[in-house]
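Colleague: Provided herewith is a single structure, encoded as structure tokens, for subsequent inquiry.
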Amino acid sequence: MTEDKSTDGKKKLGLSRPGKLELNKTVEAGHVKQSFSHGRTKAVTVEVRKKKTYAPGAGGRMTEVKAEAEAPPPAAAPVVEEATPEAPPPAPSVSDNLTSAEKEARTRALQDAMKGDDVSKMREEDTRLTAAKRREAVEARVREDEEAANAARRAAEAADEEKRQEEEKKAKEAEEARRRSEQAESAGVTAAAKLKAAENAPAEERPATPVRGRKDRVEEPARPAPAARRGEQRRRSGKLTVSQALGGGQEERSRSLAAMRRAREKQKGRMMGDAQSQQKMVRDVTLPETITVQELASRMSEKGADVIKALMKMGVMATINQSIDADTAELVATELGHNVKRVSDSDVEIGLGGGEDDADSLVSRPPVVTIMGHVDHGKTSLLDALRETDVVAGEAGGITQHIGAYQVTLQSGAKISFIDTPGHEAFTAMRARGAKVTDIVILVVAADDGVKPQTIEAIRHARAAKAPIIVAINKIDKPGADPSRVRTELLSHEIQVEEMGGDVLSIEISAKARTNLDKLEEAILLQAELLDLKANPDRPAEGAVVEARMEKGRGPVATILVQRGTLRVGDIFVAGREWGRVRALVDDHGGSVEAAGPGTPVEVIGLNGVPSAGDELVVADSEAKAREISAFRQHRERQAKAALQSRSTLEQMFDKIKEGVAQELPVVIKGDVQGSVEAIVGAIEKMATDEVKVNVLHAAVGAINESDVTLAGASQALIIGFNVRANPQARTHARRDEIDIRYYSIIYDVADDLKKMLSGMLAPTLRENLLGYAEIREVFNITKVGKVAGCMITEGVVKRGAKVRLLRDDVVIHEGELSTLQRFKDEVKEVKEGYECGMSFANYNDIQAGDMIECFEFEEIAREL
């Protein structure tokens, strides 16, 4: 009974729902459907956790404190609250115990929190608006570019269409009318058919037509969602964040900057491609003598593959870095539709020297007379008589070593420029240069000697220069002089003087006795008047280098004969491969002058190097132009020398060296003037044969220095100094290294010494001398020795070590040496005629009785060039 009383007043403990034990949920859950690409979806559960705050109540119990303003919960699935047991009455709230000041403070705090949430929401909204504006601006720019491109393309297409329509308008009017009528009929039939098909369709398949102005509109059947256009909101894809799910919206996805850049470049490339397809750019291509394929493609703005393809079509296989000639490059450029302009490295010389002069600007100039003739016929003596100076005394050996240019003023005031050329055959090249610059040639022939080889050569040079000839028969005061013999001999060389009915002037003179020199001068002036020699002095100078040399303290010095124009101090000029600025002008009397007119010989100081005799001197516009021309000519000369050296076949040279046939004599030549050096080089080159030759390592103008000795020591060469000497350092170096230096002042000695050296290098001639004959009477076989022939000397003598031939029936069957020569078992040196002896051959045993042995030897004989 007690138990019943204790349980009657209490409520039984049970579950609010049968079979489940639950607690009040503190988490509100919701479901969101997330979509992905390719139609994939995923259900995402979103949970919102509530924070509960508890504070001690009035009765000491912990009571939940609820916020006055609470954000509404997100949309979530409804949760059905289960029936719970009745709770005891709540305790009084904490806010009931707060003062009015505390309540106001809490209210302000809540308002500030709400304002902060509003500000953050506004900032997020501004950020979204800014991104949208930026995206809209980029898209607008892209649209503008597309519209501009489309407009340009449409304009081009419209122009083409308009032109085509104008050309075909008259021919297509009837056809257009007929086509429009046919189209109208077909359109009417098609519309009627469509209308009839729509009427016959079932009601459920007919498209619903909404009624304007009514609320109960008929819903249209569901259509597939169209693809989102540019600028419209796209379907959400990718990851879904909590902020996007709670915010009730999703951020619009925009195109990246890289995508927009690619779109612009694609559009631009399309526009450029259209423009290029409409009209190809034709370029002016400048082609040098050689050009690489890559450079050619760059100048034409073409692809390298296209250029290589064009070359392959022409049968030329070339890589991108390979050089091709100008002709091939021109064919390629022409085939690709470009204009070609050919240039050359020699274009730097264009404009050098100027053009022809006007007839009004020409004035008379002194004639340039060249004196030619054989050696020792009196050429320099004649010039000495005309100049009344002693030039011969300064010449070594009495012969002229280099060209001299002089100017003589006659009593009448007329001037004549003379060029004295050497008569020796070694100076053929110098004499040829003298004939090129001359106006009149005086052929000096000795009356007592007649026409000689150099006289004939001088006639040939004068004819090659197309210069008139005046024959001066010299030495008429000597006994045995016969001028008529000279005139007769000249006839055989097509020189017909006036005394024999020709047109060639001939004067009998004596340079030593000063006889008839006035008649010679009158003949020169008469011939010059007939030639009407004129030149323009008011222009940049042009001339020829008569001679050039290197002088100590003055540097390179060149003798110049001005042909037209006026050469002044300070002019910049080009002489052959060298350039310079005129620092001083010296006349033939040794005085300084400021200018030299046409027909005047002067010495020019201020060259950069020693030019070659015969080079052309031209005044340049500027120093840069002169330097450029000089560099081009030096490069061209180096290429010519390299080509000349490579022209001699290497195979032949190597074969001769291996066989020991080719012998070379290396020499280093230094001279006082350029003409003498060239004459020596030409003379020694004539001595060369197939077996021996002179190799000129270095030939220059100036004193022998230490570098020349070093070069000669490295090549075991001979140093030849012509009218120059070695400096003290070079002499010391030469004595230490035992280098042979030889000094000469006459070219005859140089030629003779070199000829002796080359003769000593020649292989001697071998001559066979027959010694005797022996007859084999008996053949003996000796152990360890072989066969030994018992012989009788029938003629001459047989010597041990000599060469022998074995004759059988007068036919040579073996040639070799004797290994044994014995008489009575004793070795002997020789056996004379009428004596018997025993002989055996080296490495040969096929001997028979009755054979004959011929004994001979070789004798060496020295050869000469």
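Ordered as shown in the structure tokens, chains take letters A, B, and onward, while each chain numbers its residues from 1 and ligands are numbered from 1 in the order shown.
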Just list the residues in stretch 691-767 of chain A DSSP gives strand (DSSP E or B) on the backbone, as a PyMOL selection string.
Modeller: chain A and resi 692-701+704+718-722+726+741-744+765-767
Colleague: Kindly indicate which residue among A:Ala575, A:Val618, A:Pro468, A:Gly760 lies nearest to A:Ala541, using only C-alpha atoms for the distances.
Modeller: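 Once distances to A:Ala541 are computed over only C-alpha atoms, the minimum belongs to A:Val618.
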Colleague: Near A:Ala712, within 9 Å and counting only C-alpha atoms, which residues show up once chain neighbours fewer than 6 positions away are dropped, as a ChimeraX atom specification?
Modeller: /A:666-668,697,718-719,739-740
Colleague: Name the residues in contact with A:Ile324 at a cut-off of 9 Å, using only C-alpha atoms, excluding same-chain residues fewer than 2 positions from it; report them as a list in words.
Modeller: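 Using only C-alpha atoms, the neighbours found are Glu289, Thr290, Ile291, Thr292, Val293, Ala318, Gln322, Ala326, Asp327, Thr328 and Ala329 of chain A.
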Colleague: Pick from A:Pro598, A:Ala297, A:Val750, A:Ser412: nearest to A:Leu362, with only C-alpha atoms counted?
Modeller: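 Checking each of A:Pro598, A:Ala297, A:Val750, A:Ser412 against A:Leu362, counting only C-alpha atoms, the winner is A:Pro598.
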Colleague: Please provide the set of residues having any atom within 8 Å of stretch 435-452 of chain A, restricted to only C-alpha atoms, with same-chain residues fewer than 3 positions apart removed, written as a PyMOL selection string.
Modeller: chain A and resi 367-374+377-379+431-432+455-456+458-459+461-462+465+467-476+478-483+485-486+489-490+524+527-528+544
Colleague: Please compute the atom CA of A:His338-atom CA of A:Leu296 distance, one decimal, in Å.
Modeller: 11.4 Å
Colleague: Taking only stretch 290-529 of chain A into account, list the residues labelled helix (DSSP H, G or I) by DSSP (computed from the backbone), as a ChimeraX atom specification.
Modeller: /A:293-300,304-313,326-335,345-349,359-361,379-387,392-394,396-398,425-436,453-464,483-491,498-500,517-529
